[in-house]
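> Got a structure for you, work-v7.pdb, holding PDB, N, CA and C atoms.
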```pdb
ATOM      1  N   MET A  54     -27.318  19.544 -74.009
ATOM      2  CA  MET A  54     -27.739  18.329 -73.325
ATOM      3  C   MET A  54     -28.135  17.256 -74.340
ATOM      4  N   THR A  55     -28.691  17.650 -75.465
ATOM      5  CA  THR A  55     -29.142  16.679 -76.456
ATOM      6  C   THR A  55     -27.981  15.877 -77.028
ATOM      7  N   ILE A  56     -26.863  16.535 -77.306
ATOM      8  CA  ILE A  56     -25.717  15.822 -77.865
ATOM      9  C   ILE A  56     -25.134  14.849 -76.847
ATOM     10  N   ILE A  57     -25.182  15.204 -75.579
ATOM     11  CA  ILE A  57     -24.692  14.306 -74.528
ATOM     12  C   ILE A  57     -25.542  13.049 -74.474
ATOM     13  N   LEU A  58     -26.869  13.229 -74.517
ATOM     14  CA  LEU A  58     -27.757  12.062 -74.506
ATOM     15  C   LEU A  58     -27.545  11.199 -75.738
ATOM     16  N   LEU A  59     -27.374  11.832 -76.875
ATOM     17  CA  LEU A  59     -27.129  11.083 -78.103
ATOM     18  C   LEU A  59     -25.864  10.237 -77.973
ATOM     19  N   LEU A  60     -24.827  10.812 -77.429
ATOM     20  CA  LEU A  60     -23.575  10.075 -77.241
ATOM     21  C   LEU A  60     -23.719   8.972 -76.205
ATOM     22  N   LEU A  61     -24.467   9.235 -75.124
ATOM     23  CA  LEU A  61     -24.658   8.225 -74.085
ATOM     24  C   LEU A  61     -25.424   7.016 -74.596
ATOM     25  N   PHE A  62     -26.296   7.222 -75.571
ATOM     26  CA  PHE A  62     -27.021   6.104 -76.155
ATOM     27  C   PHE A  62     -26.241   5.453 -77.293
ATOM     28  N   THR A  63     -25.596   6.244 -78.121
ATOM     29  CA  THR A  63     -25.015   5.741 -79.356
ATOM     30  C   THR A  63     -23.687   5.017 -79.153
ATOM     31  N   ILE A  64     -22.790   5.572 -78.372
ATOM     32  CA  ILE A  64     -21.461   4.973 -78.217
ATOM     33  C   ILE A  64     -21.534   3.544 -77.662
ATOM     34  N   PRO A  65     -22.269   3.288 -76.564
ATOM     35  CA  PRO A  65     -22.356   1.890 -76.108
ATOM     36  C   PRO A  65     -23.044   0.976 -77.116
ATOM     37  N   LEU A  66     -24.057   1.491 -77.809
ATOM     38  CA  LEU A  66     -24.759   0.669 -78.787
ATOM     39  C   LEU A  66     -23.850   0.282 -79.949
ATOM     40  N   VAL A  67     -23.053   1.210 -80.426
ATOM     41  CA  VAL A  67     -22.117   0.910 -81.518
ATOM     42  C   VAL A  67     -21.046  -0.078 -81.037
ATOM     43  N   ALA A  68     -20.539   0.118 -79.827
ATOM     44  CA  ALA A  68     -19.521  -0.796 -79.291
ATOM     45  C   ALA A  68     -20.079  -2.212 -79.165
ATOM     46  N   ILE A  69     -21.285  -2.338 -78.643
ATOM     47  CA  ILE A  69     -21.900  -3.662 -78.515
ATOM     48  C   ILE A  69     -22.135  -4.264 -79.898
ATOM     49  N   GLY A  70     -22.568  -3.444 -80.849
ATOM     50  CA  GLY A  70     -22.789  -3.935 -82.209
ATOM     51  C   GLY A  70     -21.517  -4.455 -82.851
ATOM     52  N   ILE A  71     -20.414  -3.755 -82.637
ATOM     53  CA  ILE A  71     -19.130  -4.196 -83.198
ATOM     54  C   ILE A  71     -18.699  -5.520 -82.573
ATOM     55  N   PHE A  72     -18.769  -5.611 -81.242
ATOM     56  CA  PHE A  72     -18.378  -6.856 -80.572
ATOM     57  C   PHE A  72     -19.315  -8.011 -80.933
ATOM     58  N   ALA A  73     -20.614  -7.715 -81.046
ATOM     59  CA  ALA A  73     -21.576  -8.766 -81.413
ATOM     60  C   ALA A  73     -21.313  -9.258 -82.827
ATOM     61  N   SER A  74     -21.022  -8.356 -83.743
ATOM     62  CA  SER A  74     -20.714  -8.759 -85.114
ATOM     63  C   SER A  74     -19.452  -9.616 -85.152
ATOM     64  N   TYR A  75     -18.450  -9.211 -84.397
ATOM     65  CA  TYR A  75     -17.193  -9.955 -84.363
ATOM     66  C   TYR A  75     -17.409 -11.378 -83.831
ATOM     67  N   THR A  76     -18.093 -11.497 -82.682
ATOM     68  CA  THR A  76     -18.292 -12.832 -82.113
ATOM     69  C   THR A  76     -19.228 -13.675 -82.977
ATOM     70  N   ASP A  77     -20.203 -13.031 -83.613
ATOM     71  CA  ASP A  77     -21.118 -13.784 -84.476
ATOM     72  C   ASP A  77     -20.384 -14.324 -85.700
ATOM     73  N   ILE A  78     -19.511 -13.531 -86.270
ATOM     74  CA  ILE A  78     -18.754 -13.987 -87.445
ATOM     75  C   ILE A  78     -17.713 -15.034 -87.047
ATOM     76  N   LYS A  79     -17.002 -14.789 -85.948
ATOM     77  CA  LYS A  79     -15.916 -15.681 -85.550
ATOM     78  C   LYS A  79     -16.417 -16.986 -84.935
ATOM     79  N   GLU A  80     -17.407 -16.896 -84.014
ATOM     80  CA  GLU A  80     -17.833 -18.075 -83.266
ATOM     81  C   GLU A  80     -19.232 -18.562 -83.642
ATOM     82  N   GLY A  81     -19.999 -17.738 -84.349
ATOM     83  CA  GLY A  81     -21.343 -18.139 -84.740
ATOM     84  C   GLY A  81     -22.402 -17.923 -83.678
ATOM     85  N   ILE A  82     -22.056 -17.224 -82.591
ATOM     86  CA  ILE A  82     -23.030 -16.941 -81.530
ATOM     87  C   ILE A  82     -22.883 -15.496 -81.063
ATOM     88  N   ILE A  83     -23.948 -14.993 -80.474
ATOM     89  CA  ILE A  83     -23.918 -13.692 -79.807
ATOM     90  C   ILE A  83     -24.144 -13.975 -78.327
ATOM     91  N   PRO A  84     -23.110 -13.849 -77.494
ATOM     92  CA  PRO A  84     -23.237 -14.258 -76.094
ATOM     93  C   PRO A  84     -24.141 -13.323 -75.290
ATOM     94  N   ASN A  85     -24.818 -13.920 -74.297
ATOM     95  CA  ASN A  85     -25.683 -13.139 -73.404
ATOM     96  C   ASN A  85     -24.889 -12.109 -72.607
ATOM     97  N   LYS A  86     -23.639 -12.432 -72.284
ATOM     98  CA  LYS A  86     -22.837 -11.491 -71.492
ATOM     99  C   LYS A  86     -22.560 -10.212 -72.265
ATOM    100  N   LEU A  87     -22.802 -10.224 -73.560
ATOM    101  CA  LEU A  87     -22.653  -9.028 -74.382
ATOM    102  C   LEU A  87     -23.954  -8.229 -74.446
ATOM    103  N   ILE A  88     -25.083  -8.911 -74.403
ATOM    104  CA  ILE A  88     -26.391  -8.269 -74.510
ATOM    105  C   ILE A  88     -26.819  -7.657 -73.170
ATOM    106  N   LEU A  89     -26.562  -8.342 -72.082
ATOM    107  CA  LEU A  89     -27.025  -7.887 -70.766
ATOM    108  C   LEU A  89     -26.538  -6.488 -70.391
ATOM    109  N   PRO A  90     -25.262  -6.145 -70.574
ATOM    110  CA  PRO A  90     -24.845  -4.773 -70.251
ATOM    111  C   PRO A  90     -25.580  -3.716 -71.065
ATOM    112  N   GLY A  91     -25.902  -4.026 -72.307
ATOM    113  CA  GLY A  91     -26.653  -3.081 -73.133
ATOM    114  C   GLY A  91     -28.050  -2.839 -72.592
ATOM    115  N   PHE A  92     -28.726  -3.902 -72.189
ATOM    116  CA  PHE A  92     -30.054  -3.752 -71.594
ATOM    117  C   PHE A  92     -29.985  -2.961 -70.287
ATOM    118  N   LEU A  93     -28.997  -3.282 -69.464
ATOM    119  CA  LEU A  93     -28.867  -2.574 -68.183
ATOM    120  C   LEU A  93     -28.536  -1.101 -68.394
ATOM    121  N   TRP A  94     -27.667  -0.805 -69.360
ATOM    122  CA  TRP A  94     -27.308   0.586 -69.657
ATOM    123  C   TRP A  94     -28.525   1.363 -70.152
ATOM    124  N   GLY A  95     -29.289   0.762 -71.049
ATOM    125  CA  GLY A  95     -30.497   1.410 -71.553
ATOM    126  C   GLY A  95     -31.523   1.624 -70.449
ATOM    127  N   LEU A  96     -31.698   0.631 -69.595
ATOM    128  CA  LEU A  96     -32.623   0.760 -68.463
ATOM    129  C   LEU A  96     -32.179   1.886 -67.534
ATOM    130  N   PHE A  97     -30.881   1.968 -67.273
ATOM    131  CA  PHE A  97     -30.356   3.040 -66.425
ATOM    132  C   PHE A  97     -30.603   4.409 -67.045
ATOM    133  N   LEU A  98     -30.302   4.557 -68.335
ATOM    134  CA  LEU A  98     -30.461   5.863 -68.984
ATOM    135  C   LEU A  98     -31.925   6.295 -69.032
ATOM    136  N   TYR A  99     -32.813   5.390 -69.390
ATOM    137  CA  TYR A  99     -34.230   5.760 -69.442
ATOM    138  C   TYR A  99     -34.798   6.028 -68.050
ATOM    139  N   SER A 100     -34.338   5.291 -67.057
ATOM    140  CA  SER A 100     -34.766   5.570 -65.673
ATOM    141  C   SER A 100     -34.285   6.947 -65.231
ATOM    142  N   PHE A 101     -33.033   7.270 -65.566
ATOM    143  CA  PHE A 101     -32.503   8.585 -65.241
ATOM    144  C   PHE A 101     -33.308   9.687 -65.924
ATOM    145  N   LEU A 102     -33.614   9.515 -67.207
ATOM    146  CA  LEU A 102     -34.414  10.510 -67.929
ATOM    147  C   LEU A 102     -35.792  10.686 -67.301
ATOM    148  N   PHE A 103     -36.407   9.577 -66.922
ATOM    149  CA  PHE A 103     -37.725   9.648 -66.304
ATOM    150  C   PHE A 103     -37.667  10.411 -64.982
ATOM    151  N   LEU A 104     -36.704  10.073 -64.132
ATOM    152  CA  LEU A 104     -36.587  10.753 -62.833
ATOM    153  C   LEU A 104     -36.208  12.220 -62.997
ATOM    154  N   TYR A 105     -35.309  12.502 -63.924
ATOM    155  CA  TYR A 105     -34.902  13.885 -64.167
ATOM    156  C   TYR A 105     -36.088  14.718 -64.645
ATOM    157  N   ASN A 106     -36.872  14.147 -65.526
ATOM    158  CA  ASN A 106     -38.043  14.869 -66.018
ATOM    159  C   ASN A 106     -39.102  15.027 -64.926
ATOM    160  N   THR A 107     -39.285  14.008 -64.118
ATOM    161  CA  THR A 107     -40.303  14.063 -63.068
ATOM    162  C   THR A 107     -39.989  15.131 -62.037
ATOM    163  N   PHE A 108     -38.746  15.218 -61.608
ATOM    164  CA  PHE A 108     -38.409  16.120 -60.503
ATOM    165  C   PHE A 108     -37.874  17.472 -60.936
ATOM    166  N   PHE A 109     -37.369  17.617 -62.161
ATOM    167  CA  PHE A 109     -36.772  18.886 -62.564
ATOM    168  C   PHE A 109     -37.462  19.543 -63.757
ATOM    169  N   LEU A 110     -37.583  18.822 -64.867
ATOM    170  CA  LEU A 110     -38.107  19.449 -66.077
ATOM    171  C   LEU A 110     -39.631  19.530 -66.105
ATOM    172  N   GLN A 111     -40.271  18.426 -65.767
ATOM    173  CA  GLN A 111     -41.729  18.303 -65.796
ATOM    174  C   GLN A 111     -42.294  18.678 -67.166
ATOM    175  N   SER A 112     -41.709  18.109 -68.184
ATOM    176  CA  SER A 112     -42.102  18.367 -69.568
ATOM    177  C   SER A 112     -43.008  17.250 -70.067
ATOM    178  N   GLU A 113     -44.157  17.619 -70.619
ATOM    179  CA  GLU A 113     -45.074  16.623 -71.170
ATOM    180  C   GLU A 113     -44.468  15.937 -72.389
ATOM    181  N   ALA A 114     -43.719  16.689 -73.189
ATOM    182  CA  ALA A 114     -43.128  16.119 -74.402
ATOM    183  C   ALA A 114     -42.145  14.999 -74.056
ATOM    184  N   LEU A 115     -41.369  15.165 -72.981
ATOM    185  CA  LEU A 115     -40.420  14.122 -72.617
ATOM    186  C   LEU A 115     -41.145  12.892 -72.101
ATOM    187  N   PHE A 116     -42.240  13.070 -71.371
ATOM    188  CA  PHE A 116     -43.029  11.925 -70.929
ATOM    189  C   PHE A 116     -43.576  11.155 -72.132
ATOM    190  N   GLU A 117     -44.033  11.883 -73.155
ATOM    191  CA  GLU A 117     -44.528  11.223 -74.364
ATOM    192  C   GLU A 117     -43.399  10.468 -75.066
ATOM    193  N   TYR A 118     -42.206  11.054 -75.107
ATOM    194  CA  TYR A 118     -41.055  10.385 -75.706
ATOM    195  C   TYR A 118     -40.707   9.116 -74.937
ATOM    196  N   LEU A 119     -40.687   9.201 -73.605
ATOM    197  CA  LEU A 119     -40.345   8.032 -72.803
ATOM    198  C   LEU A 119     -41.380   6.932 -72.971
ATOM    199  N   PHE A 120     -42.657   7.302 -73.053
ATOM    200  CA  PHE A 120     -43.689   6.299 -73.284
ATOM    201  C   PHE A 120     -43.507   5.653 -74.654
ATOM    202  N   SER A 121     -43.222   6.460 -75.663
ATOM    203  CA  SER A 121     -42.994   5.928 -77.007
ATOM    204  C   SER A 121     -41.778   5.006 -77.037
ATOM    205  N   ALA A 122     -40.714   5.391 -76.334
ATOM    206  CA  ALA A 122     -39.509   4.557 -76.288
ATOM    207  C   ALA A 122     -39.796   3.241 -75.580
ATOM    208  N   PHE A 123     -40.566   3.283 -74.500
ATOM    209  CA  PHE A 123     -40.931   2.063 -73.780
ATOM    210  C   PHE A 123     -41.769   1.154 -74.674
ATOM    211  N   PHE A 124     -42.755   1.737 -75.346
ATOM    212  CA  PHE A 124     -43.614   0.962 -76.243
ATOM    213  C   PHE A 124     -42.794   0.356 -77.376
ATOM    214  N   ASN A 125     -41.878   1.125 -77.939
ATOM    215  CA  ASN A 125     -41.012   0.631 -79.012
ATOM    216  C   ASN A 125     -40.143  -0.522 -78.512
ATOM    217  N   GLY A 126     -39.619  -0.408 -77.305
ATOM    218  CA  GLY A 126     -38.803  -1.479 -76.744
ATOM    219  C   GLY A 126     -39.588  -2.764 -76.547
ATOM    220  N   VAL A 127     -40.806  -2.636 -76.035
ATOM    221  CA  VAL A 127     -41.655  -3.815 -75.841
ATOM    222  C   VAL A 127     -41.981  -4.467 -77.183
ATOM    223  N   MET A 128     -42.288  -3.641 -78.176
ATOM    224  CA  MET A 128     -42.596  -4.186 -79.506
ATOM    225  C   MET A 128     -41.372  -4.864 -80.123
ATOM    226  N   ALA A 129     -40.185  -4.316 -79.904
ATOM    227  CA  ALA A 129     -38.960  -4.924 -80.433
ATOM    228  C   ALA A 129     -38.708  -6.275 -79.765
ATOM    229  N   ILE A 130     -38.941  -6.365 -78.462
ATOM    230  CA  ILE A 130     -38.771  -7.637 -77.758
ATOM    231  C   ILE A 130     -39.758  -8.671 -78.297
ATOM    232  N   LEU A 131     -41.008  -8.267 -78.460
ATOM    233  CA  LEU A 131     -42.016  -9.188 -78.977
ATOM    234  C   LEU A 131     -41.701  -9.620 -80.414
ATOM    235  N   ALA A 132     -41.274  -8.686 -81.250
ATOM    236  CA  ALA A 132     -40.938  -9.022 -82.634
ATOM    237  C   ALA A 132     -39.732  -9.956 -82.682
ATOM    238  N   GLY A 133     -38.702  -9.666 -81.885
ATOM    239  CA  GLY A 133     -37.529 -10.541 -81.844
ATOM    240  C   GLY A 133     -37.877 -11.939 -81.366
ATOM    241  N   TYR A 134     -38.752 -12.010 -80.361
ATOM    242  CA  TYR A 134     -39.181 -13.316 -79.838
ATOM    243  C   TYR A 134     -39.972 -14.082 -80.894
ATOM    244  N   LEU A 135     -40.880 -13.391 -81.564
ATOM    245  CA  LEU A 135     -41.699 -14.039 -82.586
ATOM    246  C   LEU A 135     -40.837 -14.542 -83.745
ATOM    247  N   ILE A 136     -39.914 -13.731 -84.217
ATOM    248  CA  ILE A 136     -39.053 -14.155 -85.323
ATOM    249  C   ILE A 136     -38.161 -15.314 -84.903
ATOM    250  N   TRP A 137     -37.735 -15.338 -83.635
ATOM    251  CA  TRP A 137     -36.948 -16.461 -83.125
ATOM    252  C   TRP A 137     -37.811 -17.724 -83.063
ATOM    253  N   LYS A 138     -39.045 -17.585 -82.568
ATOM    254  CA  LYS A 138     -39.932 -18.749 -82.458
ATOM    255  C   LYS A 138     -40.284 -19.319 -83.826
ATOM    256  N   LEU A 139     -40.348 -18.465 -84.838
ATOM    257  CA  LEU A 139     -40.625 -18.937 -86.194
ATOM    258  C   LEU A 139     -39.376 -19.494 -86.868
ATOM    259  N   THR A 140     -38.274 -19.553 -86.143
ATOM    260  CA  THR A 140     -36.964 -20.091 -86.560
ATOM    261  C   THR A 140     -36.359 -19.374 -87.770
ATOM    262  N   PHE A 141     -36.650 -18.090 -87.899
ATOM    263  CA  PHE A 141     -35.981 -17.290 -88.925
ATOM    264  C   PHE A 141     -34.659 -16.731 -88.416
ATOM    265  N   TRP A 142     -34.562 -16.561 -87.110
ATOM    266  CA  TRP A 142     -33.369 -16.033 -86.454
ATOM    267  C   TRP A 142     -32.956 -16.957 -85.334
ATOM    268  N   SER A 143     -31.697 -16.790 -84.909
ATOM    269  CA  SER A 143     -31.282 -17.473 -83.679
ATOM    270  C   SER A 143     -31.686 -16.596 -82.497
ATOM    271  N   ALA A 144     -31.592 -17.138 -81.303
ATOM    272  CA  ALA A 144     -31.992 -16.398 -80.111
ATOM    273  C   ALA A 144     -31.131 -15.148 -79.914
ATOM    274  N   GLY A 145     -29.841 -15.252 -80.191
ATOM    275  CA  GLY A 145     -28.945 -14.112 -80.028
ATOM    276  C   GLY A 145     -29.300 -12.972 -80.954
ATOM    277  N   ASP A 146     -29.694 -13.283 -82.179
ATOM    278  CA  ASP A 146     -30.094 -12.239 -83.117
ATOM    279  C   ASP A 146     -31.349 -11.530 -82.638
ATOM    280  N   GLY A 147     -32.305 -12.287 -82.091
ATOM    281  CA  GLY A 147     -33.533 -11.691 -81.569
ATOM    282  C   GLY A 147     -33.254 -10.764 -80.395
ATOM    283  N   LYS A 148     -32.345 -11.184 -79.504
ATOM    284  CA  LYS A 148     -31.984 -10.337 -78.358
ATOM    285  C   LYS A 148     -31.230  -9.103 -78.790
ATOM    286  N   LEU A 149     -30.351  -9.237 -79.759
ATOM    287  CA  LEU A 149     -29.625  -8.079 -80.260
ATOM    288  C   LEU A 149     -30.565  -7.099 -80.939
ATOM    289  N   PHE A 150     -31.559  -7.599 -81.673
ATOM    290  CA  PHE A 150     -32.559  -6.745 -82.294
ATOM    291  C   PHE A 150     -33.347  -5.973 -81.233
ATOM    292  N   ALA A 151     -33.739  -6.647 -80.168
ATOM    293  CA  ALA A 151     -34.479  -5.973 -79.099
ATOM    294  C   ALA A 151     -33.618  -4.906 -78.421
ATOM    295  N   LEU A 152     -32.346  -5.170 -78.322
ATOM    296  CA  LEU A 152     -31.444  -4.177 -77.723
ATOM    297  C   LEU A 152     -31.369  -2.953 -78.599
TER     298      LEU A 152
END
```
Starting from the file, give its structure as structure tokens.


Amino acid sequence: MTIILLLLFTIPLVAIGIFASYTDIKEGIIPNKLILPGFLWGLFLYSFLFLYNTFFLQSEALFEYLFSAFFNGVMAILAGYLIWKLTFWSAGDGKLFAL
């Protein structure tokens, strides 16, 4: 099951990273239509993990992992926003970092 989860997280992230790099180099922007599916996919996977753990596994370790992942995501969004506001990055770079 662990390798399946790793693939479910990694393959879409690598694909989005490749497309984002291509559009950033070619056009100079990272479009929102590229970032939104990544956020939705991550939200779906973490929601599935939470529900699966709640109703089937009931493992404390997985709850701690999900809390840590949620906290890490919030911190990444805040850091990306702050770096964008300080004009070190463009908005697309901040969103891609949060993803």

> If I take atom N of Lys148 in chain A and CA of Gly133 in chain A, how far is one from the other in Å, to one decimal?

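So the answer is 5.7 Å.
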
> Name all residues at most 8 Å from Gly147 in chain A (count all atoms listed in the file; drop same-chain ones fewer than 2 positions away) and give them as an MDAnalysis selection string.

chainID A and resid 129:130 132:137 142:145 149:152

> Which residue gives the smallest distance to Pro65 in chain A among A:Leu98, A:Ile82, A:Gly91, A:Phe141, with all atoms listed in the file counted?

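Comparing A:Leu98, A:Ile82, A:Gly91, A:Phe141 against Pro65 in chain A, the winner is A:Gly91.
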
> Mind listing the alpha helix (DSSP H) residues of chain A, per DSSP on the backbone, as JSON, numbers by chain?

{"A": [55, 56, 57, 58, 59, 60, 61, 62, 63, 64, 65, 66, 67, 68, 69, 70, 71, 72, 73, 74, 75, 76, 77, 78, 79, 80, 85, 86, 87, 88, 89, 90, 91, 92, 93, 94, 95, 96, 97, 98, 99, 100, 101, 102, 103, 104, 105, 113, 114, 115, 116, 117, 118, 119, 120, 121, 122, 123, 124, 125, 126, 127, 128, 129, 130, 131, 132, 133, 134, 135, 136, 137, 138, 144, 145, 146, 147, 148, 149, 150, 151]}

> I need the output of the PyMOL selection byres (((chain A and resi 68-73 and name CA) around 12) and name CA) for this file as a ChimeraX atom specification; which residues are they?

/A:60-67,74-92,94,145-146,148-150,152

> Using only N, CA and C atoms, please write the residues we just selected to a file, as a compact mmCIF listing (two decimals), in the coordinates of the input.


```
# COMPACT_ATOMS: atom_id res chain seq x y z
N LEU A 60 -24.83 10.81 -77.43
CA LEU A 60 -23.58 10.07 -77.24
C LEU A 60 -23.72 8.97 -76.20
N LEU A 61 -24.47 9.24 -75.12
CA LEU A 61 -24.66 8.22 -74.08
C LEU A 61 -25.42 7.02 -74.60
N PHE A 62 -26.30 7.22 -75.57
CA PHE A 62 -27.02 6.10 -76.16
C PHE A 62 -26.24 5.45 -77.29
N THR A 63 -25.60 6.24 -78.12
CA THR A 63 -25.02 5.74 -79.36
C THR A 63 -23.69 5.02 -79.15
N ILE A 64 -22.79 5.57 -78.37
CA ILE A 64 -21.46 4.97 -78.22
C ILE A 64 -21.53 3.54 -77.66
N PRO A 65 -22.27 3.29 -76.56
CA PRO A 65 -22.36 1.89 -76.11
C PRO A 65 -23.04 0.98 -77.12
N LEU A 66 -24.06 1.49 -77.81
CA LEU A 66 -24.76 0.67 -78.79
C LEU A 66 -23.85 0.28 -79.95
N VAL A 67 -23.05 1.21 -80.43
CA VAL A 67 -22.12 0.91 -81.52
C VAL A 67 -21.05 -0.08 -81.04
N SER A 74 -21.02 -8.36 -83.74
CA SER A 74 -20.71 -8.76 -85.11
C SER A 74 -19.45 -9.62 -85.15
N TYR A 75 -18.45 -9.21 -84.40
CA TYR A 75 -17.19 -9.96 -84.36
C TYR A 75 -17.41 -11.38 -83.83
N THR A 76 -18.09 -11.50 -82.68
CA THR A 76 -18.29 -12.83 -82.11
C THR A 76 -19.23 -13.68 -82.98
N ASP A 77 -20.20 -13.03 -83.61
CA ASP A 77 -21.12 -13.78 -84.48
C ASP A 77 -20.38 -14.32 -85.70
N ILE A 78 -19.51 -13.53 -86.27
CA ILE A 78 -18.75 -13.99 -87.44
C ILE A 78 -17.71 -15.03 -87.05
N LYS A 79 -17.00 -14.79 -85.95
CA LYS A 79 -15.92 -15.68 -85.55
C LYS A 79 -16.42 -16.99 -84.94
N GLU A 80 -17.41 -16.90 -84.01
CA GLU A 80 -17.83 -18.08 -83.27
C GLU A 80 -19.23 -18.56 -83.64
N GLY A 81 -20.00 -17.74 -84.35
CA GLY A 81 -21.34 -18.14 -84.74
C GLY A 81 -22.40 -17.92 -83.68
N ILE A 82 -22.06 -17.22 -82.59
CA ILE A 82 -23.03 -16.94 -81.53
C ILE A 82 -22.88 -15.50 -81.06
N ILE A 83 -23.95 -14.99 -80.47
CA ILE A 83 -23.92 -13.69 -79.81
C ILE A 83 -24.14 -13.98 -78.33
N PRO A 84 -23.11 -13.85 -77.49
CA PRO A 84 -23.24 -14.26 -76.09
C PRO A 84 -24.14 -13.32 -75.29
N ASN A 85 -24.82 -13.92 -74.30
CA ASN A 85 -25.68 -13.14 -73.40
C ASN A 85 -24.89 -12.11 -72.61
N LYS A 86 -23.64 -12.43 -72.28
CA LYS A 86 -22.84 -11.49 -71.49
C LYS A 86 -22.56 -10.21 -72.26
N LEU A 87 -22.80 -10.22 -73.56
CA LEU A 87 -22.65 -9.03 -74.38
C LEU A 87 -23.95 -8.23 -74.45
N ILE A 88 -25.08 -8.91 -74.40
CA ILE A 88 -26.39 -8.27 -74.51
C ILE A 88 -26.82 -7.66 -73.17
N LEU A 89 -26.56 -8.34 -72.08
CA LEU A 89 -27.02 -7.89 -70.77
C LEU A 89 -26.54 -6.49 -70.39
N PRO A 90 -25.26 -6.14 -70.57
CA PRO A 90 -24.84 -4.77 -70.25
C PRO A 90 -25.58 -3.72 -71.06
N GLY A 91 -25.90 -4.03 -72.31
CA GLY A 91 -26.65 -3.08 -73.13
C GLY A 91 -28.05 -2.84 -72.59
N PHE A 92 -28.73 -3.90 -72.19
CA PHE A 92 -30.05 -3.75 -71.59
C PHE A 92 -29.98 -2.96 -70.29
N TRP A 94 -27.67 -0.80 -69.36
CA TRP A 94 -27.31 0.59 -69.66
C TRP A 94 -28.52 1.36 -70.15
N GLY A 145 -29.84 -15.25 -80.19
CA GLY A 145 -28.94 -14.11 -80.03
C GLY A 145 -29.30 -12.97 -80.95
N ASP A 146 -29.69 -13.28 -82.18
CA ASP A 146 -30.09 -12.24 -83.12
C ASP A 146 -31.35 -11.53 -82.64
N LYS A 148 -32.34 -11.18 -79.50
CA LYS A 148 -31.98 -10.34 -78.36
C LYS A 148 -31.23 -9.10 -78.79
N LEU A 149 -30.35 -9.24 -79.76
CA LEU A 149 -29.62 -8.08 -80.26
C LEU A 149 -30.56 -7.10 -80.94
N PHE A 150 -31.56 -7.60 -81.67
CA PHE A 150 -32.56 -6.74 -82.29
C PHE A 150 -33.35 -5.97 -81.23
N LEU A 152 -32.35 -5.17 -78.32
CA LEU A 152 -31.44 -4.18 -77.72
C LEU A 152 -31.37 -2.95 -78.60
```

> Do you have the CA of Ile57 in chain A-CA of Asn125 in chain A distance handy?

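Straight-line distance from CA of Ile57 in chain A to CA of Asn125 in chain A works out to 21.8 Å.
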
> Which neighbours of range 115-123 of chain A fall inside 12 Å, counting only C-alpha atoms, when residues of the same chain fewer than 3 positions from it are skipped, and could you give them as a ChimeraX atom specification?

/A:95-96,98-107,109-112,126-130,151-152

> What's the separation between atom N of Leu59 in chain A and atom C of Ala114 in chain A, in Å to one decimal place?

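Value for the atom N of Leu59 in chain A-atom C of Ala114 in chain A distance: 15.4 Å.
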
> Put the listed atoms of range 71-78 of chain A in a box along x, y and z with 3 Å added on every side and give me the centre and edge lengths in Å to one decimal, as lines of an AutoDock Vina configuration file.


```
center_x = -19.4
center_y = -9.4
center_z = -84.0
size_x = 10.4
size_y = 17.3
size_z = 12.9
```
